[in-house]
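Containing CSV, C-alpha atoms and all ligand atoms: input16.csv.
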```csv
chain,number,residue,atom,x,y,z
N,18,MET,CA,0.0,0.0,0.0
N,19,ASN,CA,1.3,3.5,-0.9
N,20,PRO,CA,2.1,5.6,2.1
N,21,LYS,CA,0.0,8.8,2.3
N,22,ARG,CA,1.8,11.9,1.1
N,23,LEU,CA,1.4,15.7,1.3
N,24,TYR,CA,1.5,17.4,-2.1
N,25,LEU,CA,2.2,21.2,-1.9
N,26,VAL,CA,1.1,22.7,-5.2
N,27,ILE,CA,2.5,26.2,-5.8
N,28,THR,CA,1.1,28.1,-8.8
N,29,ALA,CA,1.1,31.6,-10.1
N,30,HIS,CA,-2.6,32.2,-10.7
N,31,PRO,CA,-5.9,31.1,-9.2
N,32,ASP,CA,-6.9,28.8,-12.2
N,33,ASP,CA,-3.5,27.3,-12.9
N,34,LEU,CA,-3.9,24.2,-10.7
N,35,GLU,CA,-7.3,23.2,-12.2
N,36,LEU,CA,-6.2,24.0,-15.8
N,37,LEU,CA,-2.9,22.3,-15.7
N,38,ILE,CA,-3.2,19.4,-13.2
N,39,GLY,CA,-6.7,19.3,-11.9
N,40,GLY,CA,-7.1,15.6,-12.9
N,41,SER,CA,-3.9,14.6,-11.0
N,42,VAL,CA,-4.9,16.5,-7.9
N,43,ALA,CA,-8.3,14.8,-8.0
N,44,LYS,CA,-6.6,11.4,-8.3
N,45,TRP,CA,-4.1,12.0,-5.5
N,46,ILE,CA,-6.9,13.1,-3.1
N,47,ASP,CA,-9.0,10.0,-4.2
N,48,GLN,CA,-6.0,7.9,-3.3
N,49,GLY,CA,-6.0,9.3,0.2
N,50,HIS,CA,-3.1,11.8,-0.2
N,51,ARG,CA,-3.4,15.4,1.1
N,52,VAL,CA,-3.1,18.4,-1.2
N,53,ILE,CA,-2.5,22.0,-0.1
N,54,SER,CA,-2.5,24.8,-2.8
N,55,VAL,CA,-0.4,28.0,-2.6
N,56,VAL,CA,-1.6,30.6,-5.1
N,57,VAL,CA,1.1,33.3,-5.5
N,58,THR,CA,-1.0,36.1,-7.2
N,59,SER,CA,-4.7,36.5,-7.2
N,60,GLY,CA,-4.7,37.0,-11.0
N,61,ASP,CA,-5.6,40.7,-10.8
N,62,LYS,CA,-4.7,41.4,-14.4
N,63,GLY,CA,-6.3,38.3,-16.0
N,64,THR,CA,-9.2,39.8,-17.8
N,65,LYS,CA,-10.3,41.3,-21.1
N,66,ASP,CA,-13.2,43.2,-19.4
N,67,PRO,CA,-12.5,46.9,-19.6
N,68,ASP,CA,-14.9,47.7,-16.7
N,69,ILE,CA,-13.6,45.5,-13.9
N,70,SER,CA,-11.1,46.8,-11.4
N,71,PRO,CA,-8.0,44.7,-10.4
N,72,PHE,CA,-9.3,44.6,-6.8
N,73,GLU,CA,-12.7,43.2,-7.8
N,74,LEU,CA,-11.1,40.8,-10.2
N,75,ALA,CA,-8.8,39.4,-7.6
N,76,GLN,CA,-11.7,38.9,-5.2
N,77,THR,CA,-13.8,37.1,-7.8
N,78,ARG,CA,-10.9,34.9,-8.8
N,79,GLU,CA,-10.1,33.9,-5.1
N,80,LYS,CA,-13.8,32.9,-4.7
N,81,GLU,CA,-13.6,30.8,-7.9
N,82,ALA,CA,-10.4,29.1,-6.7
N,83,LEU,CA,-12.0,28.3,-3.3
N,84,GLU,CA,-15.0,26.8,-5.0
N,85,ALA,CA,-12.8,24.6,-7.3
N,86,ALA,CA,-10.6,23.6,-4.3
N,87,ALA,CA,-13.7,22.6,-2.3
N,88,PHE,CA,-15.0,20.5,-5.2
N,89,LEU,CA,-11.6,18.7,-5.6
N,90,GLY,CA,-11.2,18.2,-1.8
N,91,ILE,CA,-8.0,20.4,-1.5
N,92,GLU,CA,-7.3,20.8,2.2
N,93,LYS,CA,-6.4,24.5,2.2
N,94,VAL,CA,-5.7,27.3,-0.3
N,95,ILE,CA,-3.1,29.9,0.7
N,96,PHE,CA,-3.2,33.2,-1.2
N,97,LEU,CA,0.0,35.1,-1.2
N,98,ARG,CA,-1.5,38.1,-3.1
N,99,LYS,CA,1.5,39.2,-5.0
N,100,PRO,CA,0.9,41.6,-7.9
N,101,ASP,CA,-0.1,39.6,-11.1
N,102,GLY,CA,2.7,39.8,-13.7
N,103,GLU,CA,5.3,41.0,-11.3
N,104,VAL,CA,6.3,37.9,-9.4
N,105,ALA,CA,9.9,38.1,-10.6
N,106,ASP,CA,10.3,41.5,-8.7
N,107,THR,CA,8.7,40.3,-5.5
N,108,ARG,CA,11.5,40.3,-2.9
N,109,SER,CA,9.6,38.6,0.0
N,110,LEU,CA,8.6,35.5,-2.1
N,111,PRO,CA,11.7,33.2,-1.6
N,112,PHE,CA,11.5,33.8,2.2
N,113,GLU,CA,7.8,33.2,2.3
N,114,LEU,CA,8.0,30.0,0.2
N,115,THR,CA,10.9,28.6,2.3
N,116,SER,CA,8.9,29.3,5.5
N,117,LEU,CA,5.9,27.5,4.1
N,118,ILE,CA,7.9,24.5,3.0
N,119,ARG,CA,9.5,24.2,6.4
N,120,ALA,CA,6.2,24.7,8.2
N,121,LEU,CA,4.0,22.4,6.1
N,122,LYS,CA,6.7,19.7,5.5
N,123,PRO,CA,5.4,18.5,2.1
N,124,HIS,CA,6.7,15.2,0.7
N,125,ILE,CA,6.1,16.4,-2.9
N,126,LEU,CA,6.3,19.9,-4.3
N,127,VAL,CA,4.5,20.7,-7.5
N,128,THR,CA,5.1,23.9,-9.5
N,129,HIS,CA,5.6,25.5,-12.9
N,130,ASP,CA,8.7,24.3,-14.9
N,131,PRO,CA,11.1,27.3,-14.6
N,132,TRP,CA,13.2,26.0,-17.6
N,133,GLN,CA,10.3,25.6,-20.1
N,134,PRO,CA,10.6,28.0,-23.0
N,135,TYR,CA,7.9,29.7,-25.1
N,136,ASP,CA,5.6,30.5,-22.2
N,137,PHE,CA,4.3,34.1,-22.6
N,138,HIS,CA,3.3,34.7,-19.0
N,139,PRO,CA,6.4,35.8,-16.9
N,140,ASP,CA,4.9,34.6,-13.6
N,141,HIS,CA,4.9,30.9,-14.5
N,142,GLN,CA,8.7,30.7,-14.8
N,143,ALA,CA,9.2,33.2,-12.0
N,144,VAL,CA,7.2,31.1,-9.6
N,145,GLY,CA,9.0,27.9,-10.7
N,146,ARG,CA,12.4,29.5,-10.2
N,147,ARG,CA,11.5,30.8,-6.7
N,148,VAL,CA,10.2,27.4,-5.6
N,149,VAL,CA,13.4,25.7,-6.7
N,150,GLU,CA,15.4,28.3,-4.7
N,151,ALA,CA,13.1,27.8,-1.7
N,152,ILE,CA,13.7,24.0,-1.8
N,153,VAL,CA,17.4,24.6,-1.5
N,154,ALA,CA,16.9,27.1,1.3
N,155,SER,CA,14.5,24.8,3.0
N,156,ARG,CA,16.6,21.6,2.9
N,157,ASP,CA,19.9,23.0,4.2
N,158,HIS,CA,20.0,24.5,7.7
N,159,LEU,CA,22.7,27.1,7.0
N,160,PHE,CA,20.2,28.9,4.6
N,161,LEU,CA,18.1,31.5,6.5
N,162,PRO,CA,19.5,30.3,9.9
N,163,GLY,CA,17.0,32.6,11.7
N,164,LEU,CA,14.2,30.2,10.7
N,165,GLU,CA,15.7,27.4,12.8
N,166,HIS,CA,15.5,29.6,15.9
N,167,ALA,CA,11.9,30.6,15.0
N,168,GLY,CA,10.9,27.0,15.2
N,169,LEU,CA,11.1,26.1,11.5
N,170,PRO,CA,13.9,23.5,11.2
N,171,ARG,CA,15.1,22.4,7.8
N,172,HIS,CA,12.9,20.1,5.7
N,173,ARG,CA,13.7,18.0,2.6
N,174,PRO,CA,10.9,17.3,0.2
N,175,GLU,CA,11.3,14.0,-1.6
N,176,TRP,CA,10.2,15.0,-5.1
N,177,LEU,CA,9.7,18.1,-7.3
N,178,TYR,CA,7.1,17.7,-10.0
N,179,LEU,CA,7.4,20.4,-12.6
N,180,ILE,CA,4.3,21.1,-14.6
N,181,ASN,CA,5.4,21.0,-18.2
N,182,TRP,CA,3.3,21.6,-21.3
N,183,ARG,CA,5.5,20.1,-24.0
N,184,ASN,CA,8.1,17.7,-22.9
N,185,PRO,CA,7.0,15.7,-19.9
N,186,ASP,CA,8.9,12.6,-18.7
N,187,TYR,CA,6.3,11.5,-16.2
N,188,TYR,CA,2.5,11.1,-16.7
N,189,GLU,CA,-0.4,10.8,-14.4
N,190,ASP,CA,-3.2,8.7,-15.9
N,191,ILE,CA,-6.3,10.9,-15.4
N,192,SER,CA,-8.7,8.8,-17.6
N,193,GLU,CA,-11.1,8.4,-14.6
N,194,TYR,CA,-10.7,12.0,-13.5
N,195,LEU,CA,-10.9,14.1,-16.7
N,196,GLU,CA,-14.6,15.0,-16.1
N,197,LYS,CA,-13.8,16.1,-12.6
N,198,LYS,CA,-11.0,18.3,-13.9
N,199,LEU,CA,-13.3,19.9,-16.4
N,200,HIS,CA,-15.9,20.6,-13.7
N,201,ALA,CA,-13.2,22.1,-11.4
N,202,PHE,CA,-11.9,24.3,-14.1
N,203,SER,CA,-15.4,25.4,-14.9
N,204,CYS,CA,-15.6,27.0,-11.5
N,205,HIS,CA,-13.2,29.7,-12.8
N,206,ARG,CA,-16.1,31.4,-14.6
N,207,SER,CA,-14.1,34.7,-15.1
N,208,GLN,CA,-11.5,32.8,-17.1
N,209,VAL,CA,-13.7,30.2,-18.9
N,210,GLU,CA,-15.7,33.1,-20.5
N,211,GLN,CA,-12.5,34.5,-22.1
N,212,PHE,CA,-11.7,31.4,-24.2
N,213,GLN,CA,-13.4,29.7,-27.0
N,214,ASN,CA,-14.3,26.1,-26.0
N,215,PRO,CA,-11.8,25.7,-23.2
N,216,LEU,CA,-13.2,22.4,-22.2
N,217,ASP,CA,-12.7,21.0,-25.7
N,218,PHE,CA,-9.1,22.2,-25.6
N,219,LEU,CA,-8.5,20.5,-22.2
N,220,ARG,CA,-10.1,17.3,-23.4
N,221,ASN,CA,-7.9,17.2,-26.5
N,222,TRP,CA,-4.8,18.1,-24.6
N,223,ALA,CA,-5.4,15.3,-22.1
N,224,LYS,CA,-6.0,12.9,-25.0
N,225,GLU,CA,-2.8,13.9,-26.7
N,226,LEU,CA,-0.8,13.4,-23.5
N,227,GLY,CA,-2.7,10.1,-23.0
N,228,GLN,CA,-1.5,8.8,-26.3
N,229,LYS,CA,2.1,9.5,-25.3
N,230,ALA,CA,1.5,7.7,-22.0
N,231,GLY,CA,-0.6,4.8,-23.5
N,232,VAL,CA,-3.8,5.7,-21.6
N,233,THR,CA,-7.0,7.5,-22.5
N,234,ALA,CA,-6.2,10.8,-20.8
N,235,ALA,CA,-3.1,12.1,-19.0
N,236,GLU,CA,-1.4,15.1,-17.5
N,237,GLY,CA,2.4,15.5,-17.8
N,238,PHE,CA,5.3,16.5,-15.5
N,239,VAL,CA,9.0,16.6,-15.4
N,240,ARG,CA,9.8,14.7,-12.2
N,241,LEU,CA,13.0,15.4,-10.2
N,242,ARG,CA,14.4,14.1,-6.9
N,243,ALA,CA,14.4,17.0,-4.5
N,244,SER,CA,16.3,15.6,-1.6
N,301,ZN,ZN,-1.2,31.1,-15.0
```
Can you dump the structure from the file as structure tokens?
Ligand SMILES: [Zn+2]
Amino acid sequence: MNPKRLYLVITAHPDDLELLIGGSVAKWIDQGHRVISVVVTSGDKGTKDPDISPFELAQTREKEALEAAAFLGIEKVIFLRKPDGEVADTRSLPFELTSLIRALKPHILVTHDPWQPYDFHPDHQAVGRRVVEAIVASRDHLFLPGLEHAGLPRHRPEWLYLINWRNPDYYEDISEYLEKKLHAFSCHRSQVEQFQNPLDFLRNWAKELGQKAGVTAAEGFVRLRAS
């Protein structure tokens, strides 16, 4: 029997988890594992609506993320509320992420692939890079030594799963969880409205990855040993 694991999923925007790996998260929870989500920005620039304010948009998107998380059974959603599109310039983020990793003690960290090219949104790579830095600062006690004295001793996650659009080397079979993923993503109404047939896109994408993995539907990762 697989031991129960804590997955800490750290993404840039409120809909990234459901869009990119909602099926895997549903599956992990169904298998009895725990999942906590950290959302770095509240997506306050993610709209084509000229009349909505960034503040109102962020509030709407946080509500949508909480609804999707409740549907999937995610234990907790932590909003860090950094400015959308400006993650790379946020000084406090490496410290905050290191503190969270040390406090929550995840076995598996999941985030955006910081080395994946051709991704327009700067926050995805920036979040991935900051998470990789935070793993190093979390696992060795001589990084941020004050944390040790503040009751946050070093912690070594076992695995880092990088969410990768194009060249995954590890697949989760989500054949039984695809419909659940689509429902969870549909909670992000402010985003769904902006795309043409996003559910068809997600279905086709899962099918394409499924073909590579030899199953009906899949999501892809690059999987690295973190310890
Ligand atoms: Zn995003």
Close residues, Leu226 (chain N) itself excluded, 6 Å, all atoms listed in the file, min 3 positions apart in chain, as a ChimeraX atom specification: /N:223,229,235
Nearby residues, ligand ZN 301 (chain N), 8 Å, all atoms listed in the file, as a VMD selection string: chain N and resid 28 to 33 60 138 140 to 141
Polymer residues at most 12 Å from Arg206 (chain N), only C-alpha atoms, same-chain spacing of 2 or more positions, as a list of chain:residue names: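 Skipping anything fewer than 2 positions along the chain leaves N:Pro31, N:Asp32, N:Thr64, N:Leu74, N:Thr77, N:Arg78, N:Glu79, N:Lys80, N:Glu81, N:Ala82, N:Glu84, N:Ala85, N:Leu199, N:His200, N:Ala201, N:Phe202, N:Ser203, N:Cys204, N:Gln208, N:Val209, N:Glu210, N:Gln211, N:Phe212, N:Pro215.
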Of the listed residues N:Phe160, N:Tyr135, N:Tyr188, N:Tyr24, that which approaches Thr115 (chain N) most closely, counting all atoms listed in the file: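 Among the listed residues, N:Phe160 lies closest to Thr115 (chain N).
The coordinates place CA of Arg119 (chain N) at 5.4 Å from CA of His172 (chain N).
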Surrounding residues of Asp130 (chain N) excluding itself and chain neighbours under 4 positions, 6 Å, only C-alpha atoms, as a list in words: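 What passes the distance filter is Gly145, Leu179, Ile180 and Asn181 of chain N.
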Next, dump the selected residues to file, keeping only C-alpha atoms, as an mmCIF file, in the frame of the given file.
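Output file part01.cif is given in full below:
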```cif
data_model
loop_
_atom_site.group_PDB
_atom_site.id
_atom_site.type_symbol
_atom_site.label_atom_id
_atom_site.label_comp_id
_atom_site.auth_asym_id
_atom_site.auth_seq_id
_atom_site.Cartn_x
_atom_site.Cartn_y
_atom_site.Cartn_z
ATOM 1 C CA GLY N 145 9.000 27.900 -10.700
ATOM 2 C CA LEU N 179 7.400 20.400 -12.600
ATOM 3 C CA ILE N 180 4.300 21.100 -14.600
ATOM 4 C CA ASN N 181 5.400 21.000 -18.200
#
```
Two-atom distance - CA of Ser70 (chain N), CA of Lys198 (chain N) (Å): 28.6 Å
Residue nearest Glu165 (chain N) - candidates N:Ala120, N:Val26, N:Ala75, N:Ile152, atoms counted: only C-alpha atoms: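 Closest to Glu165 (chain N), using only C-alpha atoms: N:Ala120.
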Two-atom distance - CA of His158 (chain N), CA of His124 (chain N) (Å): 17.7 Å
Which residues come within 10 Å of Trp45 (chain N), counting all atoms listed in the file, excluding same-chain residues fewer than 2 positions away, as a PDB file with C-alpha atoms, in the coordinates of the input?
```pdb
ATOM      1  CA  LYS N  21       0.000   8.800   2.300  1.00  0.00           C
ATOM      2  CA  ARG N  22       1.800  11.900   1.100  1.00  0.00           C
ATOM      3  CA  LEU N  23       1.400  15.700   1.300  1.00  0.00           C
ATOM      4  CA  TYR N  24       1.500  17.400  -2.100  1.00  0.00           C
ATOM      5  CA  GLY N  40      -7.100  15.600 -12.900  1.00  0.00           C
ATOM      6  CA  SER N  41      -3.900  14.600 -11.000  1.00  0.00           C
ATOM      7  CA  VAL N  42      -4.900  16.500  -7.900  1.00  0.00           C
ATOM      8  CA  ALA N  43      -8.300  14.800  -8.000  1.00  0.00           C
ATOM      9  CA  ASP N  47      -9.000  10.000  -4.200  1.00  0.00           C
ATOM     10  CA  GLN N  48      -6.000   7.900  -3.300  1.00  0.00           C
ATOM     11  CA  GLY N  49      -6.000   9.300   0.200  1.00  0.00           C
ATOM     12  CA  HIS N  50      -3.100  11.800  -0.200  1.00  0.00           C
ATOM     13  CA  ARG N  51      -3.400  15.400   1.100  1.00  0.00           C
ATOM     14  CA  VAL N  52      -3.100  18.400  -1.200  1.00  0.00           C
ATOM     15  CA  GLU N 189      -0.400  10.800 -14.400  1.00  0.00           C
TER      16      GLU N 189
END
```
Selecting N, CA and C atoms, how would region 23-51 of chain N from this structure be written as a PDB file, in the first residue's frame?
```pdb
ATOM      1  N   LEU N  23       1.883  14.288   1.441  1.00  0.00           N
ATOM      2  CA  LEU N  23       1.367  15.651   1.327  1.00  0.00           C
ATOM      3  C   LEU N  23       1.963  16.299   0.081  1.00  0.00           C
ATOM      4  N   TYR N  24       1.089  16.677  -0.839  1.00  0.00           N
ATOM      5  CA  TYR N  24       1.491  17.409  -2.051  1.00  0.00           C
ATOM      6  C   TYR N  24       1.258  18.894  -1.793  1.00  0.00           C
ATOM      7  N   LEU N  25       2.306  19.707  -1.988  1.00  0.00           N
ATOM      8  CA  LEU N  25       2.159  21.160  -1.904  1.00  0.00           C
ATOM      9  C   LEU N  25       2.273  21.706  -3.327  1.00  0.00           C
ATOM     10  N   VAL N  26       1.164  22.244  -3.819  1.00  0.00           N
ATOM     11  CA  VAL N  26       1.113  22.724  -5.205  1.00  0.00           C
ATOM     12  C   VAL N  26       1.220  24.251  -5.180  1.00  0.00           C
ATOM     13  N   ILE N  27       2.276  24.793  -5.789  1.00  0.00           N
ATOM     14  CA  ILE N  27       2.505  26.242  -5.762  1.00  0.00           C
ATOM     15  C   ILE N  27       2.390  26.770  -7.198  1.00  0.00           C
ATOM     16  N   THR N  28       1.355  27.569  -7.447  1.00  0.00           N
ATOM     17  CA  THR N  28       1.118  28.068  -8.803  1.00  0.00           C
ATOM     18  C   THR N  28       1.014  29.591  -8.813  1.00  0.00           C
ATOM     19  N   ALA N  29       1.100  30.148 -10.012  1.00  0.00           N
ATOM     20  CA  ALA N  29       1.131  31.608 -10.149  1.00  0.00           C
ATOM     21  C   ALA N  29      -0.255  32.237 -10.030  1.00  0.00           C
ATOM     22  N   HIS N  30      -1.270  31.579 -10.591  1.00  0.00           N
ATOM     23  CA  HIS N  30      -2.593  32.211 -10.747  1.00  0.00           C
ATOM     24  C   HIS N  30      -3.708  31.292 -10.221  1.00  0.00           C
ATOM     25  N   PRO N  31      -4.859  31.877  -9.899  1.00  0.00           N
ATOM     26  CA  PRO N  31      -5.915  31.087  -9.237  1.00  0.00           C
ATOM     27  C   PRO N  31      -6.440  29.901 -10.031  1.00  0.00           C
ATOM     28  N   ASP N  32      -6.340  29.923 -11.365  1.00  0.00           N
ATOM     29  CA  ASP N  32      -6.877  28.798 -12.155  1.00  0.00           C
ATOM     30  C   ASP N  32      -5.798  27.822 -12.631  1.00  0.00           C
ATOM     31  N   ASP N  33      -4.526  28.098 -12.349  1.00  0.00           N
ATOM     32  CA  ASP N  33      -3.460  27.256 -12.902  1.00  0.00           C
ATOM     33  C   ASP N  33      -3.574  25.799 -12.463  1.00  0.00           C
ATOM     34  N   LEU N  34      -3.885  25.584 -11.197  1.00  0.00           N
ATOM     35  CA  LEU N  34      -3.931  24.202 -10.702  1.00  0.00           C
ATOM     36  C   LEU N  34      -4.975  23.388 -11.470  1.00  0.00           C
ATOM     37  N   GLU N  35      -6.192  23.923 -11.556  1.00  0.00           N
ATOM     38  CA  GLU N  35      -7.262  23.166 -12.223  1.00  0.00           C
ATOM     39  C   GLU N  35      -6.981  23.003 -13.713  1.00  0.00           C
ATOM     40  N   LEU N  36      -6.476  24.071 -14.335  1.00  0.00           N
ATOM     41  CA  LEU N  36      -6.188  24.047 -15.767  1.00  0.00           C
ATOM     42  C   LEU N  36      -5.094  23.027 -16.111  1.00  0.00           C
ATOM     43  N   LEU N  37      -4.040  23.023 -15.323  1.00  0.00           N
ATOM     44  CA  LEU N  37      -2.857  22.253 -15.693  1.00  0.00           C
ATOM     45  C   LEU N  37      -2.855  20.845 -15.104  1.00  0.00           C
ATOM     46  N   ILE N  38      -3.304  20.706 -13.854  1.00  0.00           N
ATOM     47  CA  ILE N  38      -3.162  19.394 -13.195  1.00  0.00           C
ATOM     48  C   ILE N  38      -4.374  19.031 -12.319  1.00  0.00           C
ATOM     49  N   GLY N  39      -5.540  19.573 -12.692  1.00  0.00           N
ATOM     50  CA  GLY N  39      -6.742  19.292 -11.896  1.00  0.00           C
ATOM     51  C   GLY N  39      -7.057  17.806 -11.804  1.00  0.00           C
ATOM     52  N   GLY N  40      -6.788  17.060 -12.868  1.00  0.00           N
ATOM     53  CA  GLY N  40      -7.064  15.618 -12.869  1.00  0.00           C
ATOM     54  C   GLY N  40      -6.136  14.874 -11.917  1.00  0.00           C
ATOM     55  N   SER N  41      -4.864  15.234 -11.944  1.00  0.00           N
ATOM     56  CA  SER N  41      -3.885  14.579 -11.049  1.00  0.00           C
ATOM     57  C   SER N  41      -4.221  14.859  -9.599  1.00  0.00           C
ATOM     58  N   VAL N  42      -4.585  16.124  -9.315  1.00  0.00           N
ATOM     59  CA  VAL N  42      -4.921  16.487  -7.932  1.00  0.00           C
ATOM     60  C   VAL N  42      -6.138  15.692  -7.459  1.00  0.00           C
ATOM     61  N   ALA N  43      -7.158  15.594  -8.310  1.00  0.00           N
ATOM     62  CA  ALA N  43      -8.350  14.803  -7.956  1.00  0.00           C
ATOM     63  C   ALA N  43      -7.959  13.358  -7.670  1.00  0.00           C
ATOM     64  N   LYS N  44      -7.062  12.819  -8.474  1.00  0.00           N
ATOM     65  CA  LYS N  44      -6.632  11.426  -8.323  1.00  0.00           C
ATOM     66  C   LYS N  44      -5.843  11.229  -7.017  1.00  0.00           C
ATOM     67  N   TRP N  45      -4.903  12.150  -6.760  1.00  0.00           N
ATOM     68  CA  TRP N  45      -4.096  12.021  -5.531  1.00  0.00           C
ATOM     69  C   TRP N  45      -4.997  12.047  -4.298  1.00  0.00           C
ATOM     70  N   ILE N  46      -5.978  12.953  -4.302  1.00  0.00           N
ATOM     71  CA  ILE N  46      -6.879  13.065  -3.146  1.00  0.00           C
ATOM     72  C   ILE N  46      -7.725  11.797  -3.016  1.00  0.00           C
ATOM     73  N   ASP N  47      -8.184  11.280  -4.148  1.00  0.00           N
ATOM     74  CA  ASP N  47      -8.969  10.047  -4.157  1.00  0.00           C
ATOM     75  C   ASP N  47      -8.152   8.871  -3.611  1.00  0.00           C
ATOM     76  N   GLN N  48      -6.844   8.924  -3.825  1.00  0.00           N
ATOM     77  CA  GLN N  48      -5.968   7.851  -3.316  1.00  0.00           C
ATOM     78  C   GLN N  48      -5.653   8.020  -1.830  1.00  0.00           C
ATOM     79  N   GLY N  49      -6.170   9.113  -1.233  1.00  0.00           N
ATOM     80  CA  GLY N  49      -5.965   9.308   0.208  1.00  0.00           C
ATOM     81  C   GLY N  49      -4.835  10.248   0.560  1.00  0.00           C
ATOM     82  N   HIS N  50      -4.178  10.811  -0.470  1.00  0.00           N
ATOM     83  CA  HIS N  50      -3.108  11.773  -0.192  1.00  0.00           C
ATOM     84  C   HIS N  50      -3.720  13.129   0.150  1.00  0.00           C
ATOM     85  N   ARG N  51      -2.906  14.016   0.764  1.00  0.00           N
ATOM     86  CA  ARG N  51      -3.356  15.374   1.093  1.00  0.00           C
ATOM     87  C   ARG N  51      -2.788  16.348   0.060  1.00  0.00           C
TER      88      ARG N  51
END
```
